[in-house]
>>> print(open('coords09.cif').read())   # mmCIF, C-alpha atoms
data_query
loop_
_atom_site.label_atom_id
_atom_site.label_comp_id
_atom_site.auth_asym_id
_atom_site.auth_seq_id
_atom_site.Cartn_x
_atom_site.Cartn_y
_atom_site.Cartn_z
CA ALA F 246 -4.72 23.19 17.00
CA ILE F 247 -7.72 20.91 17.50
CA GLY F 248 -8.84 21.53 13.90
CA LEU F 249 -5.42 20.56 12.52
CA ALA F 250 -5.39 17.44 14.70
CA ALA F 251 -8.83 16.45 13.39
CA ILE F 252 -7.71 16.98 9.78
CA GLY F 253 -4.63 14.86 10.45
CA LEU F 254 -6.71 12.14 12.07
CA PHE F 255 -9.28 12.00 9.28
CA GLY F 256 -6.58 12.22 6.61
CA THR F 257 -4.77 9.28 8.16
CA LEU F 258 -7.98 7.29 8.51
CA GLY F 259 -8.82 8.11 4.87
CA VAL F 260 -5.50 6.65 3.72
CA ILE F 261 -6.18 3.57 5.85
CA ALA F 262 -9.67 3.16 4.31
CA PHE F 263 -8.13 3.34 0.83
CA LEU F 264 -5.49 0.74 1.73
CA TRP F 265 -8.23 -1.48 3.20
CA LEU F 266 -10.21 -1.37 -0.06
CA LEU F 267 -7.11 -2.00 -2.13
CA TYR F 268 -6.03 -4.92 0.04
CA PHE F 269 -9.42 -6.64 -0.07
CA ARG F 270 -9.93 -6.24 -3.82
CA ILE F 271 -6.47 -6.82 -5.25
CA ASP F 272 -6.83 -10.59 -4.86
CA SER F 273 -9.67 -10.75 -7.40
CA VAL F 274 -7.73 -8.65 -9.90
CA MET F 275 -4.64 -10.83 -9.51
CA LEU F 276 -6.65 -14.03 -9.82
CA GLY F 277 -8.37 -12.73 -12.97
CA VAL F 278 -5.03 -11.94 -14.58
CA MET F 279 -3.43 -15.24 -13.57
CA LYS F 280 -6.32 -17.65 -14.07
CA GLY F 281 -9.43 -16.14 -15.64
CA ASP F 282 -13.00 -15.07 -15.02
CA SER F 283 -14.32 -18.49 -14.00
CA GLU F 284 -11.83 -18.77 -11.14
CA VAL F 285 -12.62 -15.20 -10.07
CA GLY F 286 -16.30 -16.19 -9.84
CA ILE F 287 -15.52 -19.26 -7.73
CA TYR F 288 -13.32 -17.20 -5.42
CA THR F 289 -15.75 -14.27 -5.19
CA VAL F 290 -18.64 -16.50 -4.08
CA ALA F 291 -16.53 -17.82 -1.20
CA TYR F 292 -15.13 -14.42 -0.33
CA LYS F 293 -18.55 -12.76 -0.21
CA LEU F 294 -19.79 -15.36 2.27
CA LEU F 295 -16.69 -14.85 4.40
CA GLU F 296 -17.10 -11.09 4.17
CA GLY F 297 -20.60 -11.42 5.60
CA SER F 298 -19.18 -12.86 8.80
CA LEU F 299 -17.16 -9.70 9.36
CA PHE F 300 -20.26 -7.87 10.58
CA ILE F 301 -19.71 -9.66 13.91
CA PRO F 302 -16.41 -8.03 14.95
CA SER F 303 -17.37 -4.76 13.25
CA THR F 304 -20.58 -4.49 15.24
CA ILE F 305 -18.90 -5.44 18.50
CA MET F 306 -16.19 -2.82 18.00
CA ILE F 307 -18.74 -0.12 17.11
CA VAL F 308 -20.63 -0.87 20.32
CA PHE F 309 -17.58 -1.04 22.58
CA PHE F 310 -15.35 1.62 20.98
CA PRO F 311 -16.47 4.45 23.32
CA THR F 312 -15.61 2.31 26.34
CA LEU F 313 -12.31 1.21 24.79
CA ALA F 314 -11.40 4.85 24.19
CA LYS F 315 -11.53 5.60 27.93
CA GLN F 316 -7.84 5.52 28.76
CA GLN F 317 -8.32 4.54 32.42
CA ARG F 318 -10.25 1.37 31.45
CA PHE F 319 -8.38 0.50 28.26
CA LYS F 320 -6.50 -2.58 29.52
CA GLU F 321 -9.57 -4.08 31.18
CA VAL F 322 -11.83 -3.51 28.17
CA PHE F 323 -9.15 -4.69 25.74
CA ALA F 324 -8.71 -7.95 27.69
CA ARG F 325 -12.44 -8.64 27.70
CA LEU F 326 -12.82 -7.83 24.01
CA LEU F 327 -9.81 -9.99 23.20
CA LEU F 328 -11.42 -12.98 24.91
CA LEU F 329 -14.80 -12.29 23.28
CA LEU F 330 -13.43 -11.78 19.76
CA ALA F 331 -11.03 -14.73 20.03
CA THR F 332 -13.88 -17.01 21.07
CA LEU F 333 -16.24 -15.72 18.38
CA GLY F 334 -13.51 -15.76 15.71
CA LEU F 335 -12.61 -19.35 16.46
CA GLY F 336 -16.29 -20.33 16.59
CA ALA F 337 -17.01 -18.61 13.27
CA CYS F 338 -13.96 -20.30 11.74
CA VAL F 339 -15.05 -23.78 12.79
CA ALA F 340 -18.71 -23.22 11.88
CA LEU F 341 -17.98 -21.79 8.45
CA TYR F 342 -15.42 -24.50 7.74
CA LEU F 343 -17.88 -27.26 8.63
CA VAL F 344 -20.91 -25.89 6.75
CA SER F 345 -19.13 -24.46 3.72
CA SER F 346 -20.14 -27.21 1.28
CA SER F 347 -23.82 -27.21 2.23
CA LEU F 348 -23.90 -23.41 2.42
CA ILE F 349 -22.45 -23.00 -1.08
CA ARG F 350 -24.70 -25.70 -2.50
CA THR F 351 -27.84 -24.23 -0.88
CA ILE F 352 -27.21 -20.60 -1.83
CA PHE F 353 -25.42 -20.85 -5.18
CA GLY F 354 -26.07 -24.39 -6.42
CA PRO F 355 -23.85 -27.13 -7.84
CA PRO F 356 -22.07 -24.93 -10.43
CA PHE F 357 -20.24 -23.22 -7.56
CA SER F 358 -19.34 -26.32 -5.55
CA ALA F 359 -15.63 -25.57 -6.07
CA SER F 360 -16.16 -22.47 -3.90
CA ALA F 361 -16.54 -24.69 -0.82
CA ALA F 362 -12.82 -25.52 -0.67
CA VAL F 363 -11.98 -21.84 -1.13
CA LEU F 364 -14.39 -20.88 1.66
CA GLN F 365 -12.86 -23.49 3.96
CA THR F 366 -9.40 -22.06 3.32
CA LEU F 367 -10.57 -18.47 3.79
CA SER F 368 -12.42 -19.36 7.00
CA LEU F 369 -9.10 -20.25 8.62
CA ALA F 370 -8.26 -16.54 8.62
CA LEU F 371 -11.29 -15.55 10.73
CA PRO F 372 -9.64 -15.71 14.17
CA SER F 373 -6.87 -13.35 13.06
CA VAL F 374 -9.32 -11.07 11.23
CA PHE F 375 -11.47 -10.80 14.36
CA PHE F 376 -8.35 -9.97 16.38
CA CYS F 377 -7.29 -7.37 13.78
CA HIS F 378 -10.57 -5.53 14.28
CA LEU F 379 -9.69 -5.16 17.96
CA THR F 380 -6.10 -4.18 17.21
CA THR F 381 -6.95 -1.51 14.68
CA GLN F 382 -9.72 0.00 16.77
CA SER F 383 -7.41 0.01 19.79
CA LEU F 384 -4.81 1.96 17.84
CA VAL F 385 -7.47 4.51 16.91
CA ALA F 386 -8.74 4.66 20.51
CA LEU F 387 -5.19 5.35 21.70
CA TYR F 388 -4.70 8.06 19.05
CA LEU F 389 -2.05 5.97 17.30
CA CYS F 390 -3.53 6.34 13.82
CA ARG F 391 -0.16 6.90 12.17
CA ARG F 392 1.04 3.56 13.54
CA TYR F 393 -2.18 2.01 12.28
CA MET F 394 -1.48 3.49 8.83
CA LEU F 395 2.05 2.08 8.92
CA VAL F 396 0.76 -1.37 9.85
CA ALA F 397 -1.94 -1.18 7.15
CA SER F 398 0.65 -0.12 4.59
CA LEU F 399 2.91 -3.03 5.46
#
>>> encode(input="coords09.cif", output="C-alpha cells")
Amino acid sequence: AIGLAAIGLFGTLGVIAFLWLLYFRIDSVMLGVMKGDSEVGIYTVAYKLLEGSLFIPSTIMIVFFPTLAKQQRFKEVFARLLLLLATLGLGACVALYLVSSSLIRTIFGPPFSASAAVLQTLSLALPSVFFCHLTTQSLVALYLCRRYMLVASL
C-alpha cells in the first residue's frame, strides 16, 4: 500500500511539474505568435531577472519543509513562514520595481531598455508568487497533492 501511495504522490507531483513548466513558458509562445521575436526578447529579459528572484522562496521552503510537514506544528510554522514570505515578497517587489531600469541598463544595455517597464509590471506579482510557494508546499506537506494538482490545473 505504501508503494502505491508513493507512485500516486510522485505521479501527481509529476503532472504538477509539467503544468508548472507549461504555465511559465506559454506566455513567450503566445507573445511570439501575437507580436514577434523582438517583443519576446524584451519580455524574456525581464522575465529571466524576475525568475532569478524566485530562488528566495524556493530556498526558504526547502529549508523549512521538514518542519512544516510535522502535523503538530503546522499552524505555527505556517504562520511564521507566511509573515516571512509576505515581508520578503513585498520587499523584493518594491526593490525590483525601483531598480528595474538601472538593472536592465547595466546588465543588458540600452537596446533592452523597454524591458524595464515589463520588469516593473512583473515585479508586482512577487508577493503573490512568494505566497504561492508556501501554499503549494503546505498542500504537499499535508498530503493534499491532488488538491494542489487541481489548483495548478485551474
>>> atom_distance(input="coords09.cif", atom1="CA of Ser283 (chain F)", atom2="CA of Ser358 (chain F)")
12.6 Å
>>> resolve_selection(input="coords09.cif", expression="the PyMOL selection byres ((chain F and resi 362-372) around 7)", output="list in words")
Tyr288, Ala291, Tyr292, Leu295, Ala331, Gly334, Leu335, Ala337, Cys338, Leu341, Tyr342, Ser345, Ala359, Ser360, Ala361, Ser373, Val374, Phe375 and Phe376 of chain F
>>> closest_residue(input="coords09.cif", among="F:Ala324, F:Tyr393, F:Leu333, F:Ala340", to="Phe300 (chain F)", atoms="only C-alpha atoms")
F:Leu333
>>> closest_residue(input="coords09.cif", among="F:Lys293, F:Leu327, F:Leu299, F:Glu284", to="Ser383 (chain F)", atoms="only C-alpha atoms")
F:Leu327
>>> atom_distance(input="coords09.cif", atom1="CA of Met306 (chain F)", atom2="CA of Leu379 (chain F)")
6.9 Å
>>> atom_distance(input="coords09.cif", atom1="CA of Gly297 (chain F)", atom2="CA of Gly354 (chain F)")
18.5 Å
>>> closest_residue(input="coords09.cif", among="F:Leu395, F:Ile287, F:Leu326, F:Cys377", to="Val308 (chain F)", atoms="only C-alpha atoms")
F:Leu326
>>> closest_residue(input="coords09.cif", among="F:Val285, F:Ala314, F:Ile305, F:Val290", to="Leu384 (chain F)", atoms="all atoms listed in the file")
F:Ala314
